[in-house]
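Q: What follows is final_9.txt; its format and atoms are compact mmCIF, C-alpha atoms.
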```
# COMPACT_ATOMS: atom_id res chain seq x y z
CA MET A 91 -2.37 20.17 -27.29
CA THR A 92 0.38 18.11 -25.71
CA MET A 93 3.29 19.71 -23.91
CA ALA A 94 6.62 18.33 -22.81
CA ARG A 95 6.61 17.24 -19.18
CA VAL A 96 9.50 19.62 -18.48
CA HIS A 97 7.09 22.51 -19.15
CA LEU A 98 4.26 21.01 -17.10
CA VAL A 99 6.16 20.14 -13.93
CA ASP A 100 7.61 23.11 -12.08
CA PRO A 101 8.66 22.48 -8.47
CA ALA A 102 8.85 26.26 -7.93
CA VAL A 103 5.05 26.39 -8.36
CA THR A 104 4.14 23.31 -6.34
CA ARG A 105 5.80 20.12 -5.13
CA TRP A 106 2.61 18.05 -5.14
CA TYR A 107 1.36 16.25 -8.25
CA HIS A 108 -1.50 13.89 -8.98
CA CYS A 109 -0.31 11.25 -11.46
CA ILE A 110 -2.54 8.86 -13.38
CA THR A 111 -1.55 5.88 -15.50
CA CYS A 112 -3.92 3.56 -17.32
CA CYS A 113 -3.74 0.02 -18.64
CA VAL A 114 -3.70 -0.49 -22.39
CA ARG A 115 -6.87 -1.66 -24.13
CA ARG A 116 -8.74 -1.01 -20.88
CA ALA A 117 -7.32 -4.22 -19.45
CA PHE A 118 -8.06 -4.94 -15.82
CA LEU A 119 -5.30 -4.04 -13.40
CA LEU A 120 -6.72 -6.02 -10.50
CA GLY A 121 -6.76 -9.49 -12.00
CA GLU A 122 -8.25 -12.56 -10.47
CA GLY A 123 -6.29 -15.51 -9.22
CA PRO A 124 -3.22 -16.03 -7.05
CA SER A 125 -1.37 -12.84 -8.02
CA ASP A 126 -2.29 -9.85 -5.88
CA ARG A 127 -1.32 -6.91 -8.04
CA LYS A 128 -2.40 -4.31 -5.48
CA VAL A 129 0.21 -5.62 -3.04
CA TRP A 130 2.78 -5.67 -5.85
CA ILE A 131 1.95 -2.04 -6.76
CA ASP A 132 2.17 -1.00 -3.10
CA ASN A 133 5.58 -2.66 -2.77
CA ARG A 134 6.72 -1.18 -6.09
CA LEU A 135 5.77 2.35 -5.06
CA ARG A 136 7.57 1.94 -1.73
CA GLU A 137 10.65 0.65 -3.55
CA LEU A 138 10.63 3.49 -6.09
CA SER A 139 10.11 6.16 -3.42
CA GLY A 140 13.26 4.76 -1.77
CA ILE A 141 15.19 5.23 -5.02
CA PHE A 142 13.79 8.53 -6.36
CA SER A 143 13.63 11.75 -4.37
CA VAL A 144 9.86 11.60 -4.75
CA ALA A 145 7.63 10.89 -1.76
CA VAL A 146 4.34 9.04 -2.26
CA GLY A 147 1.54 10.77 -0.38
CA GLY A 148 -1.07 8.18 -1.32
CA PHE A 149 -2.33 6.01 -4.12
CA SER A 150 -5.49 4.37 -5.35
CA VAL A 151 -5.64 1.27 -7.54
CA LEU A 152 -8.81 1.09 -9.62
CA ASP A 153 -9.93 -1.54 -12.12
CA ASN A 154 -7.89 -0.31 -15.07
CA HIS A 155 -5.84 2.63 -13.82
CA LEU A 156 -3.74 3.90 -10.96
CA HIS A 157 -3.76 7.27 -9.18
CA VAL A 158 -0.66 8.37 -7.23
CA LEU A 159 -0.17 11.54 -5.19
CA VAL A 160 3.54 12.45 -5.15
CA ARG A 161 5.69 15.20 -3.67
CA LEU A 162 8.94 16.24 -5.34
CA ASP A 163 11.88 16.54 -2.92
CA GLN A 164 14.68 18.25 -4.82
CA GLU A 165 16.51 19.21 -1.63
CA THR A 166 16.84 15.54 -0.71
CA ALA A 167 18.50 14.74 -4.05
CA ALA A 168 20.86 17.69 -3.64
CA GLU A 169 22.07 16.22 -0.32
CA TRP A 170 22.96 12.84 -1.86
CA SER A 171 26.63 12.12 -2.43
CA ASP A 172 27.69 11.25 -5.97
CA GLU A 173 28.22 7.64 -4.90
CA GLU A 174 24.70 7.45 -3.48
CA VAL A 175 23.29 8.77 -6.78
CA VAL A 176 25.17 6.09 -8.73
CA ARG A 177 24.07 3.32 -6.34
CA ARG A 178 20.44 4.45 -6.51
CA TRP A 179 20.65 4.46 -10.31
CA GLY A 180 22.18 0.99 -10.17
CA ARG A 181 19.23 -0.27 -8.12
CA LEU A 182 16.86 1.13 -10.74
CA PHE A 183 18.83 0.16 -13.85
CA PRO A 184 21.42 -2.46 -12.90
CA PRO A 185 24.40 -3.09 -15.18
CA ARG A 186 23.85 -5.90 -17.65
CA ASP A 187 26.03 -8.59 -19.17
CA LYS A 188 26.30 -9.40 -22.89
CA SER A 189 23.13 -11.49 -22.77
CA ARG A 190 21.28 -8.50 -21.15
CA LEU A 191 20.88 -10.23 -17.77
CA PRO A 192 21.16 -7.93 -14.73
CA LEU A 193 24.42 -7.99 -12.80
CA PRO A 194 24.96 -6.95 -9.18
CA VAL A 195 26.18 -3.38 -8.71
CA SER A 196 29.89 -3.76 -8.04
CA ASN A 197 32.31 -1.22 -6.58
CA ASP A 198 34.17 -1.21 -9.91
CA TRP A 199 30.98 -0.26 -11.76
CA VAL A 200 30.27 2.50 -9.23
CA GLU A 201 33.81 3.88 -9.55
CA TRP A 202 33.56 3.75 -13.36
CA ARG A 203 30.32 5.77 -13.27
CA LEU A 204 31.74 8.26 -10.72
CA LYS A 205 34.46 9.22 -13.23
CA ASP A 206 31.81 10.84 -15.46
CA ALA A 207 30.58 13.90 -13.54
CA ALA A 208 28.15 14.88 -16.31
CA TRP A 209 26.50 11.45 -16.16
CA VAL A 210 26.18 11.70 -12.36
CA ALA A 211 24.56 15.14 -12.67
CA LYS A 212 22.11 13.84 -15.28
CA ALA A 213 21.28 10.78 -13.14
CA ARG A 214 20.70 13.04 -10.11
CA GLN A 215 18.35 15.20 -12.17
CA ARG A 216 16.41 12.17 -13.42
CA LEU A 217 16.12 10.71 -9.92
CA GLN A 218 14.34 13.87 -8.78
CA SER A 219 12.02 14.22 -11.76
CA LEU A 220 8.48 13.11 -12.40
CA SER A 221 9.30 11.13 -15.52
CA LEU A 222 8.52 7.89 -13.77
CA LYS A 223 8.67 5.55 -16.76
CA ALA A 224 10.65 3.30 -14.44
CA ALA A 225 7.56 2.93 -12.28
CA GLN A 226 5.91 1.13 -15.17
CA THR A 227 8.72 -1.29 -15.88
CA GLY A 228 9.80 -4.32 -13.92
CA SER A 229 13.49 -3.50 -13.96
CA VAL A 230 13.88 -3.47 -10.17
CA ALA A 231 13.85 -6.67 -8.11
CA GLY A 232 10.34 -8.06 -7.73
CA SER A 233 9.60 -7.47 -11.35
CA SER A 234 6.22 -7.07 -12.93
CA GLU A 235 6.33 -10.53 -14.50
CA SER A 236 5.75 -12.02 -11.06
CA ALA A 237 2.60 -9.91 -10.75
CA GLY A 238 1.38 -10.81 -14.23
CA LEU A 239 2.15 -7.37 -15.67
CA GLU A 240 4.38 -6.55 -18.57
CA GLU A 241 5.87 -3.20 -19.47
CA SER A 242 3.42 -3.06 -22.38
CA HIS A 243 0.53 -3.43 -19.90
CA TRP A 244 0.70 0.28 -19.13
CA LEU A 245 -0.42 3.15 -21.30
CA CYS A 246 2.24 5.84 -21.54
CA PRO A 247 2.80 8.63 -20.84
CA ILE A 248 1.86 9.09 -17.22
CA LYS A 249 -0.55 12.01 -16.90
CA GLN A 250 0.14 14.42 -14.07
CA HIS A 251 -1.70 17.41 -12.67
CA ALA A 252 -0.22 20.02 -10.36
CA LEU A 253 -1.98 20.46 -7.05
CA VAL A 254 -1.95 24.18 -6.43
CA MET A 255 -4.08 25.72 -3.73
CA ASN A 256 -5.27 29.28 -3.92
CA TRP A 257 -4.06 30.39 -0.49
CA ARG A 258 -5.96 33.71 -0.54
CA ARG A 259 -9.27 31.93 -1.13
CA ALA A 260 -8.44 29.37 1.55
CA GLU A 261 -7.51 32.12 4.03
CA GLY A 262 -10.77 33.96 3.26
CA ARG A 263 -12.76 30.78 3.88
CA ARG A 264 -10.97 30.22 7.17
CA ARG A 265 -11.81 33.75 8.35
CA ARG A 266 -15.49 33.32 7.42
CA LEU A 267 -15.68 30.01 9.27
CA THR A 268 -14.13 31.36 12.47
CA ARG A 269 -16.52 34.33 12.74
```
Take the structure in this file and express it as structure tokens.
A:
Amino acid sequence: MTMARVHLVDPAVTRWYHCITCCVRRAFLLGEGPSDRKVWIDNRLRELSGIFSVAVGGFSVLDNHLHVLVRLDQETAAEWSDEEVVRRWGRLFPPRDKSRLPLPVSNDWVEWRLKDAAWVAKARQRLQSLSLKAAQTGSVAGSSESAGLEESHWLCPIKQHALVMNWRRAEGRRRRLTR
């Protein structure tokens, strides 16, 4: 039975999550030819970890899916100023003109967004969450089109599993090993 991600991800339980996303129709992620998608994915994860308050602990690119180990850093997002939240959001989802082309993030746009405190709070919450749909889109500079990937290339939603260690069992093992 499926559950909403808000019920699956609880930073009070653990900060570490193993996320998996697959290609649609079992398409190959590591294509042949001049485009090196693994390098693009590496750059994309670095870029997104600089925007979100999520740290990437490691990743593995396989033929038709991607594994990412992430740590949620809610304290980091709490330390951001409101302006920094708006600018980070602007890097992820830049303002667009009437023809839907991305515009540079201007000071006027930032000031306009700063007037809405509820929007800033919601953006801060989303920038510290695990709903990384943005990781699958090419909305940030260096888009997926250059790597031969489209947004529809990915199978949604991203699956995630909490990494929780049973500390009592681990402590018991440590004692047995040191005897």
Q: Smallest atom-to-atom distance to Glu201 (chain A): which of A:Val103, A:Val176, A:Leu220, A:Val114, using only C-alpha atoms?
A: A:Val176
Q: Take CA of Val175 (chain A) and CA of Arg136 (chain A) and report the distance between them in Å, one decimal.
A: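 Going from CA of Val175 (chain A) over to CA of Arg136 (chain A) covers 17.9 Å.
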Q: Measuring atom to atom with all atoms listed in the file, identify which of A:Ser171, A:Asn197, A:Ser143, A:Thr166 is nearest to Ser219 (chain A).
A: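 Selected residue with least distance to Ser219 (chain A): A:Ser143.
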Q: List every protein, DNA or RNA residue with an atom no more than 8 Å from (11.3, 13.2, -1.7) in the file's coordinates, counting all atoms listed in the file, and format the result as a list in words.
A: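 Residues with an atom close enough to that point: Ser139, Phe142, Ser143, Val144, Ala145, Arg161, Leu162, Asp163, Gln164, Glu165, Thr166, Ala167 and Gln218 of chain A.
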Q: List the spatial neighbours of Pro184 (chain A) as a list in words - criterion: any atom at most 10 Å away, only C-alpha atoms, same-chain residues fewer than 2 positions off excluded.
A: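 Listing them by chain and then by number gives Arg177, Arg178, Trp179, Gly180, Arg181, Leu182, Arg186, Asp187, Leu191, Pro192, Leu193, Pro194, Val195, Ser196, Trp199, Ser229, Val230 and Ala231 of chain A.
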Q: Residues of the last selection are to be written out with C-alpha atoms, as a tab-separated table (two decimals), in the frame of the given file.
A:
```tsv
chain	number	residue	atom	x	y	z
A	177	ARG	CA	24.07	3.32	-6.34
A	178	ARG	CA	20.44	4.45	-6.51
A	179	TRP	CA	20.65	4.46	-10.31
A	180	GLY	CA	22.18	0.99	-10.17
A	181	ARG	CA	19.23	-0.27	-8.12
A	182	LEU	CA	16.86	1.13	-10.74
A	186	ARG	CA	23.85	-5.90	-17.65
A	187	ASP	CA	26.03	-8.59	-19.17
A	191	LEU	CA	20.88	-10.23	-17.77
A	192	PRO	CA	21.16	-7.93	-14.73
A	193	LEU	CA	24.42	-7.99	-12.80
A	194	PRO	CA	24.96	-6.95	-9.18
A	195	VAL	CA	26.18	-3.38	-8.71
A	196	SER	CA	29.89	-3.76	-8.04
A	199	TRP	CA	30.98	-0.26	-11.76
A	229	SER	CA	13.49	-3.50	-13.96
A	230	VAL	CA	13.88	-3.47	-10.17
A	231	ALA	CA	13.85	-6.67	-8.11
```
Q: Kindly give the distance, in Å, that separates CA of Ile131 (chain A) and CA of Val151 (chain A), rounded to a single decimal.
A: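 Answer for the CA of Ile131 (chain A) to CA of Val151 (chain A) separation: 8.3 Å.
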Q: Quick one: distance from CA of Ala213 (chain A) to CA of Cys113 (chain A) in Å, one decimal?
A: 27.8 Å
Q: Using all atoms listed in the file for the distances, tell me which of A:Arg127, A:Trp170, A:Ala207, A:Cys109 is nearest to His157 (chain A).
A: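 Closest to His157 (chain A) of all the choices is A:Cys109.
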